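Visitor: Here it is, the structure, as structure tokens.
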Amino acid sequence: MDTTSFVKKSIGFETVEPALTPPPAKSTTLPKKPKLSGSKSKKKDIPEGLWTKCPTCATMIYDKELDENLKVCPKCSFHFQISARERIHSLVETCTFEEMDAEMTSIDVLGFKGVATYKSKLEAYKKNTTLKDAVITGLCKIGNHRVALGVMDFNFLGGSMGSVVGEKLTRLIERGTEKDMPVIIISTSGGARMYEGMFSLMQMAKTSAALAYHAQRRLPFLSILTHPTTAGVMASYASLGDLILAEPGAMIGFAGPRVIKDTTQAELPPGFQTAEFLLDHGLIDAIVPRKEMKERLIGYLDFLTVGKQAAKKAAAS
Ligand SMILES: [Zn+2]
């Protein structure tokens, strides 16, 4: 079987060549040009990029409305993917986010060469997402609480966890421990980053160990699972929260359903690996819609830090 056509498609999005190659003699393209002068017909063509179709209820949503609604379908509440920056903006008090390790980038430790080299992949994703890697970390204020916040972005190599994601999160957790702060990590990930092999897998142990030290100080860790949170990330820090929250409809799991079905040779129950299924079975604590997230987080933080705050007050008086 010839699979090269599939492979080429997966890296196709980083090329800009099609715009440069002149189209072969197509007489149909020429007569179209005069249409541009008719401004009315041009306006009718514009909405193409301004509307998004909801994959569950098929409603056409005006992009501006979708942005204002935190990328949640106003009709059926389907949660679209949201970038890390947009998410930080929706949760954090204005001008309080101090980013950490903003310039940290991955290097190609293994000299990975596949269909495309890891180096070229990194370059392409950096350019397309304006991110340096798949997580943004920093200290900030949510309500009256100073917290250490890490937010993953699925747009950067499927939110995969390599050395940089692991290191940035570990430093964030350590800073939280040092400064007596709760840690909040919002995950979305396809798992460990295969381009870094063992170096990616080591991040699972590293982040988990850092969280153990954080827990020893009796500081809360809130893990928020968004669509999708799977594999190496779910098998490490994402499932270690004192409170584990999820967004509605998020796919959460370790291996994919097909692998599990083949291994166990059993029929999987309906809704398997959704946030709702995991809530019913006690693996997560609550499902929180994106629009209520900030308010709910403040409530949880008030509750979880009540002892610490009382101790601080007593020490001060
Ligand atoms: Zn919808």
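Residue numbers start at 1 in each chain; chains themselves are named A, B, ... in the order of the structure tokens; ligands are numbered from 1 in the order shown.
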Write out as a list in words each polymer residue (protein, DNA or RNA) that has an atom no more than 6 Å from ligand 1, with only C-alpha atoms and all ligand atoms counted.
Guide: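 Protein and nucleic-acid residues within 6 Å of ligand 1: Cys54, Thr56, Cys57, Thr59, Cys73, Lys75, Cys76, Ser77 and Phe78 of chain A.
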Visitor: Can I get the selection written as a PDB file, in the first residue's frame, with N, CA, C and O atoms?
Guide:
```
ATOM      1  N   CYS A  54     -21.098  24.529  14.218  1.00  0.00           N
ATOM      2  CA  CYS A  54     -21.008  23.697  15.427  1.00  0.00           C
ATOM      3  C   CYS A  54     -21.095  22.222  15.025  1.00  0.00           C
ATOM      4  O   CYS A  54     -22.024  21.824  14.343  1.00  0.00           O
ATOM      5  N   THR A  56     -21.881  19.634  16.701  1.00  0.00           N
ATOM      6  CA  THR A  56     -22.958  18.821  17.274  1.00  0.00           C
ATOM      7  C   THR A  56     -24.348  19.281  16.851  1.00  0.00           C
ATOM      8  O   THR A  56     -25.194  18.462  16.532  1.00  0.00           O
ATOM      9  N   CYS A  57     -24.604  20.604  16.840  1.00  0.00           N
ATOM     10  CA  CYS A  57     -25.968  21.034  16.492  1.00  0.00           C
ATOM     11  C   CYS A  57     -26.034  21.668  15.104  1.00  0.00           C
ATOM     12  O   CYS A  57     -27.101  22.073  14.658  1.00  0.00           O
ATOM     13  N   THR A  59     -25.339  24.462  13.992  1.00  0.00           N
ATOM     14  CA  THR A  59     -25.644  25.893  13.913  1.00  0.00           C
ATOM     15  C   THR A  59     -24.435  26.639  13.354  1.00  0.00           C
ATOM     16  O   THR A  59     -23.296  26.322  13.696  1.00  0.00           O
ATOM     17  N   CYS A  73     -20.582  26.946  22.025  1.00  0.00           N
ATOM     18  CA  CYS A  73     -21.734  27.125  21.149  1.00  0.00           C
ATOM     19  C   CYS A  73     -22.900  27.708  21.957  1.00  0.00           C
ATOM     20  O   CYS A  73     -23.298  27.134  22.970  1.00  0.00           O
ATOM     21  N   LYS A  75     -25.924  27.744  21.330  1.00  0.00           N
ATOM     22  CA  LYS A  75     -27.169  26.964  21.231  1.00  0.00           C
ATOM     23  C   LYS A  75     -27.115  25.650  22.027  1.00  0.00           C
ATOM     24  O   LYS A  75     -28.019  25.351  22.791  1.00  0.00           O
ATOM     25  N   CYS A  76     -26.027  24.877  21.855  1.00  0.00           N
ATOM     26  CA  CYS A  76     -26.004  23.547  22.493  1.00  0.00           C
ATOM     27  C   CYS A  76     -24.878  23.408  23.520  1.00  0.00           C
ATOM     28  O   CYS A  76     -24.668  22.332  24.066  1.00  0.00           O
ATOM     29  N   SER A  77     -24.133  24.495  23.761  1.00  0.00           N
ATOM     30  CA  SER A  77     -23.034  24.495  24.746  1.00  0.00           C
ATOM     31  C   SER A  77     -21.870  23.569  24.388  1.00  0.00           C
ATOM     32  O   SER A  77     -21.103  23.167  25.266  1.00  0.00           O
ATOM     33  N   PHE A  78     -21.718  23.237  23.113  1.00  0.00           N
ATOM     34  CA  PHE A  78     -20.529  22.475  22.711  1.00  0.00           C
ATOM     35  C   PHE A  78     -19.295  23.336  22.980  1.00  0.00           C
ATOM     36  O   PHE A  78     -19.264  24.515  22.646  1.00  0.00           O
TER      37      PHE A  78
END
```
Visitor: Considering only C-alpha atoms, return as a list in words whatever protein or nucleic-acid residues lie within 7 Å of stretch 61-65 of chain A, sequence-local ones (same chain, fewer than 5 positions apart) excluded.
Guide: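 Listing them by chain and then by number gives Leu50, Trp51, Thr52 and Lys53 of chain A.
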Visitor: Of the candidates A:Pro182, A:Pro257, A:Gly241, A:Gly249, which one gets nearest to A:Leu283 if we count only C-alpha atoms?
Guide: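 Going through A:Pro182, A:Pro257, A:Gly241, A:Gly249 one by one, the smallest distance to A:Leu283 is for A:Gly241.
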Visitor: Can you pull out every residue within 10 Å of A:Thr229, counting only C-alpha atoms, but drop anything in the same chain fewer than 6 positions away, and send it as a PDB file with all heavy atoms, in the first residue's frame?
Guide:
```pdb
ATOM      1  N   PHE A 154      -3.401  22.777  22.763  1.00  0.00           N
ATOM      2  CA  PHE A 154      -3.438  21.616  21.869  1.00  0.00           C
ATOM      3  C   PHE A 154      -2.917  21.954  20.470  1.00  0.00           C
ATOM      4  O   PHE A 154      -2.489  21.071  19.730  1.00  0.00           O
ATOM      5  CB  PHE A 154      -4.868  21.066  21.772  1.00  0.00           C
ATOM      6  CG  PHE A 154      -4.931  19.654  21.241  1.00  0.00           C
ATOM      7  CD1 PHE A 154      -4.656  18.577  22.065  1.00  0.00           C
ATOM      8  CD2 PHE A 154      -5.232  19.403  19.916  1.00  0.00           C
ATOM      9  CE1 PHE A 154      -4.684  17.278  21.588  1.00  0.00           C
ATOM     10  CE2 PHE A 154      -5.264  18.100  19.415  1.00  0.00           C
ATOM     11  CZ  PHE A 154      -4.994  17.032  20.261  1.00  0.00           C
ATOM     12  N   GLY A 159      -0.518  19.349  21.858  1.00  0.00           N
ATOM     13  CA  GLY A 159      -0.341  19.487  23.307  1.00  0.00           C
ATOM     14  C   GLY A 159       0.551  18.413  23.889  1.00  0.00           C
ATOM     15  O   GLY A 159       0.423  18.041  25.054  1.00  0.00           O
ATOM     16  N   ILE A 186      -4.190  23.399  33.642  1.00  0.00           N
ATOM     17  CA  ILE A 186      -5.274  23.102  32.711  1.00  0.00           C
ATOM     18  C   ILE A 186      -4.677  22.288  31.568  1.00  0.00           C
ATOM     19  O   ILE A 186      -3.833  22.772  30.817  1.00  0.00           O
ATOM     20  CB  ILE A 186      -5.921  24.408  32.208  1.00  0.00           C
ATOM     21  CG1 ILE A 186      -6.395  25.229  33.417  1.00  0.00           C
ATOM     22  CG2 ILE A 186      -7.087  24.098  31.269  1.00  0.00           C
ATOM     23  CD1 ILE A 186      -6.992  26.570  33.086  1.00  0.00           C
ATOM     24  N   SER A 187      -5.085  21.038  31.478  1.00  0.00           N
ATOM     25  CA  SER A 187      -4.449  20.131  30.529  1.00  0.00           C
ATOM     26  C   SER A 187      -5.265  19.944  29.260  1.00  0.00           C
ATOM     27  O   SER A 187      -6.496  19.972  29.280  1.00  0.00           O
ATOM     28  CB  SER A 187      -4.260  18.762  31.171  1.00  0.00           C
ATOM     29  OG  SER A 187      -3.415  18.856  32.286  1.00  0.00           O
ATOM     30  N   THR A 188      -4.556  19.748  28.183  1.00  0.00           N
ATOM     31  CA  THR A 188      -5.118  19.215  26.952  1.00  0.00           C
ATOM     32  C   THR A 188      -3.937  18.616  26.218  1.00  0.00           C
ATOM     33  O   THR A 188      -2.938  19.299  25.978  1.00  0.00           O
ATOM     34  CB  THR A 188      -5.837  20.269  26.086  1.00  0.00           C
ATOM     35  OG1 THR A 188      -6.184  19.659  24.845  1.00  0.00           O
ATOM     36  CG2 THR A 188      -4.983  21.498  25.818  1.00  0.00           C
ATOM     37  N   SER A 189      -3.989  17.312  25.939  1.00  0.00           N
ATOM     38  CA  SER A 189      -2.797  16.683  25.406  1.00  0.00           C
ATOM     39  C   SER A 189      -3.073  15.337  24.757  1.00  0.00           C
ATOM     40  O   SER A 189      -3.930  14.586  25.195  1.00  0.00           O
ATOM     41  CB  SER A 189      -1.790  16.486  26.551  1.00  0.00           C
ATOM     42  OG  SER A 189      -0.648  15.806  26.071  1.00  0.00           O
ATOM     43  N   GLY A 190      -2.304  15.071  23.722  1.00  0.00           N
ATOM     44  CA  GLY A 190      -2.359  13.766  23.086  1.00  0.00           C
ATOM     45  C   GLY A 190      -1.391  12.790  23.753  1.00  0.00           C
ATOM     46  O   GLY A 190      -1.343  11.622  23.406  1.00  0.00           O
ATOM     47  N   GLY A 191      -0.592  13.300  24.704  1.00  0.00           N
ATOM     48  CA  GLY A 191       0.322  12.419  25.443  1.00  0.00           C
ATOM     49  C   GLY A 191       1.769  12.855  25.350  1.00  0.00           C
ATOM     50  O   GLY A 191       2.065  14.003  25.033  1.00  0.00           O
ATOM     51  N   ALA A 235      -1.763  10.149  32.662  1.00  0.00           N
ATOM     52  CA  ALA A 235      -1.150   9.154  33.544  1.00  0.00           C
ATOM     53  C   ALA A 235      -0.158   9.770  34.519  1.00  0.00           C
ATOM     54  O   ALA A 235       0.484   9.061  35.298  1.00  0.00           O
ATOM     55  CB  ALA A 235      -0.444   8.088  32.711  1.00  0.00           C
ATOM     56  N   ALA A 238      -1.994  15.220  35.463  1.00  0.00           N
ATOM     57  CA  ALA A 238      -3.406  15.560  35.257  1.00  0.00           C
ATOM     58  C   ALA A 238      -4.344  14.774  36.171  1.00  0.00           C
ATOM     59  O   ALA A 238      -5.426  15.242  36.513  1.00  0.00           O
ATOM     60  CB  ALA A 238      -3.788  15.347  33.800  1.00  0.00           C
ATOM     61  N   SER A 239      -3.921  13.576  36.576  1.00  0.00           N
ATOM     62  CA  SER A 239      -4.814  12.777  37.424  1.00  0.00           C
ATOM     63  C   SER A 239      -4.442  12.864  38.902  1.00  0.00           C
ATOM     64  O   SER A 239      -4.972  12.133  39.725  1.00  0.00           O
ATOM     65  CB  SER A 239      -4.803  11.320  36.965  1.00  0.00           C
ATOM     66  OG  SER A 239      -3.491  10.819  37.018  1.00  0.00           O
ATOM     67  N   ALA A 246     -13.374  18.865  35.040  1.00  0.00           N
ATOM     68  CA  ALA A 246     -13.307  18.669  33.595  1.00  0.00           C
ATOM     69  C   ALA A 246     -14.329  19.551  32.913  1.00  0.00           C
ATOM     70  O   ALA A 246     -15.329  19.949  33.527  1.00  0.00           O
ATOM     71  CB  ALA A 246     -13.565  17.208  33.250  1.00  0.00           C
ATOM     72  N   ALA A 250     -15.542  16.559  27.469  1.00  0.00           N
ATOM     73  CA  ALA A 250     -14.110  16.339  27.196  1.00  0.00           C
ATOM     74  C   ALA A 250     -13.808  14.844  27.108  1.00  0.00           C
ATOM     75  O   ALA A 250     -14.338  14.051  27.878  1.00  0.00           O
ATOM     76  CB  ALA A 250     -13.271  16.967  28.308  1.00  0.00           C
ATOM     77  N   MET A 251     -12.942  14.474  26.149  1.00  0.00           N
ATOM     78  CA  MET A 251     -12.498  13.088  26.039  1.00  0.00           C
ATOM     79  C   MET A 251     -11.285  12.935  26.962  1.00  0.00           C
ATOM     80  O   MET A 251     -10.313  13.682  26.856  1.00  0.00           O
ATOM     81  CB  MET A 251     -12.112  12.793  24.586  1.00  0.00           C
ATOM     82  CG  MET A 251     -11.864  11.335  24.330  1.00  0.00           C
ATOM     83  SD  MET A 251     -10.122  11.071  24.047  1.00  0.00           S
ATOM     84  CE  MET A 251     -10.096   9.356  23.665  1.00  0.00           C
ATOM     85  N   ILE A 252     -11.385  11.996  27.886  1.00  0.00           N
ATOM     86  CA  ILE A 252     -10.333  11.804  28.879  1.00  0.00           C
ATOM     87  C   ILE A 252     -10.001  10.314  28.962  1.00  0.00           C
ATOM     88  O   ILE A 252     -10.908   9.493  29.079  1.00  0.00           O
ATOM     89  CB  ILE A 252     -10.815  12.298  30.272  1.00  0.00           C
ATOM     90  CG1 ILE A 252     -11.126  13.809  30.225  1.00  0.00           C
ATOM     91  CG2 ILE A 252      -9.781  12.008  31.351  1.00  0.00           C
ATOM     92  CD1 ILE A 252     -12.048  14.280  31.309  1.00  0.00           C
ATOM     93  N   GLY A 253      -8.733   9.988  28.898  1.00  0.00           N
ATOM     94  CA  GLY A 253      -8.396   8.566  28.991  1.00  0.00           C
ATOM     95  C   GLY A 253      -6.914   8.338  28.868  1.00  0.00           C
ATOM     96  O   GLY A 253      -6.128   9.279  28.748  1.00  0.00           O
ATOM     97  N   PHE A 254      -6.516   7.087  28.888  1.00  0.00           N
ATOM     98  CA  PHE A 254      -5.103   6.767  28.719  1.00  0.00           C
ATOM     99  C   PHE A 254      -4.867   6.289  27.287  1.00  0.00           C
ATOM    100  O   PHE A 254      -4.441   7.044  26.427  1.00  0.00           O
ATOM    101  CB  PHE A 254      -4.649   5.742  29.752  1.00  0.00           C
ATOM    102  CG  PHE A 254      -3.171   5.452  29.633  1.00  0.00           C
ATOM    103  CD1 PHE A 254      -2.231   6.461  29.813  1.00  0.00           C
ATOM    104  CD2 PHE A 254      -2.719   4.191  29.318  1.00  0.00           C
ATOM    105  CE1 PHE A 254      -0.871   6.225  29.671  1.00  0.00           C
ATOM    106  CE2 PHE A 254      -1.358   3.932  29.173  1.00  0.00           C
ATOM    107  CZ  PHE A 254      -0.440   4.953  29.353  1.00  0.00           C
ATOM    108  N   GLN A 273     -14.888   7.052  28.304  1.00  0.00           N
ATOM    109  CA  GLN A 273     -13.836   8.074  28.175  1.00  0.00           C
ATOM    110  C   GLN A 273     -14.346   9.502  27.999  1.00  0.00           C
ATOM    111  O   GLN A 273     -13.613  10.361  27.557  1.00  0.00           O
ATOM    112  CB  GLN A 273     -12.864   7.736  27.038  1.00  0.00           C
ATOM    113  CG  GLN A 273     -11.977   6.549  27.394  1.00  0.00           C
ATOM    114  CD  GLN A 273     -10.865   6.324  26.402  1.00  0.00           C
ATOM    115  OE1 GLN A 273     -11.032   6.570  25.223  1.00  0.00           O
ATOM    116  NE2 GLN A 273      -9.728   5.844  26.854  1.00  0.00           N
TER     117      GLN A 273
END
```
Visitor: Do a neighbour search on A:Tyr118 at 7 Å with only C-alpha atoms, toss out local chain neighbours closer than 4 positions, and write the hits as an MDAnalysis selection string.
Guide: chainID A and resid 108 112:113 122 195
Visitor: Per residue of stretch 202-253 of chain A within 10 Å of stretch 79-89 of chain A, which atom pair is closest and at what distance in Å (one decimal), using only C-alpha atoms, listed by chain and increasing number, as a Markdown table?
Guide:
```
| residue | atom | partner | partner_atom | distance |
| --- | --- | --- | --- | --- |
| A:Thr226 | CA | A:Gln81 | CA | 8.5 |
| A:His227 | CA | A:Gln81 | CA | 7.2 |
| A:Pro228 | CA | A:Gln81 | CA | 9.2 |
| A:Glu247 | CA | A:His79 | CA | 7.8 |
| A:Pro248 | CA | A:His79 | CA | 7.2 |
| A:Gly249 | CA | A:His79 | CA | 7.6 |
| A:Ala250 | CA | A:His79 | CA | 8.4 |
```
Visitor: Residues of the last selection are to be written out with N, CA, C and O atoms, as an mmCIF file, in the first residue's frame.
Guide:
```cif
data_model
loop_
_atom_site.group_PDB
_atom_site.id
_atom_site.type_symbol
_atom_site.label_atom_id
_atom_site.label_comp_id
_atom_site.auth_asym_id
_atom_site.auth_seq_id
_atom_site.Cartn_x
_atom_site.Cartn_y
_atom_site.Cartn_z
ATOM 1 N N THR A 226 -9.347 19.235 29.902
ATOM 2 C CA THR A 226 -10.152 19.731 28.788
ATOM 3 C C THR A 226 -9.958 18.793 27.597
ATOM 4 O O THR A 226 -9.062 17.942 27.613
ATOM 5 N N HIS A 227 -10.788 18.987 26.590
ATOM 6 C CA HIS A 227 -10.792 18.040 25.467
ATOM 7 C C HIS A 227 -9.574 18.171 24.572
ATOM 8 O O HIS A 227 -9.307 19.250 24.105
ATOM 9 N N PRO A 228 -8.850 17.150 24.269
ATOM 10 C CA PRO A 228 -8.794 15.864 24.950
ATOM 11 C C PRO A 228 -7.620 15.846 25.920
ATOM 12 O O PRO A 228 -6.621 16.513 25.703
ATOM 13 N N GLU A 247 -14.068 19.855 31.659
ATOM 14 C CA GLU A 247 -15.047 20.604 30.864
ATOM 15 C C GLU A 247 -16.065 19.612 30.290
ATOM 16 O O GLU A 247 -15.725 18.447 30.040
ATOM 17 N N PRO A 248 -17.305 20.059 30.062
ATOM 18 C CA PRO A 248 -18.328 19.145 29.539
ATOM 19 C C PRO A 248 -17.899 18.500 28.224
ATOM 20 O O PRO A 248 -17.305 19.160 27.373
ATOM 21 N N GLY A 249 -18.152 17.222 28.096
ATOM 22 C CA GLY A 249 -17.905 16.516 26.836
ATOM 23 C C GLY A 249 -16.453 16.212 26.543
ATOM 24 O O GLY A 249 -16.139 15.657 25.482
ATOM 25 N N ALA A 250 -15.542 16.559 27.469
ATOM 26 C CA ALA A 250 -14.110 16.339 27.196
ATOM 27 C C ALA A 250 -13.808 14.844 27.108
ATOM 28 O O ALA A 250 -14.338 14.051 27.878
#
```
Visitor: Kindly indicate which residue among A:Leu243, A:Ala310, A:Leu139, A:Ala231 lies nearest to A:Met194, using only C-alpha atoms for the distances.
Guide: A:Ala231
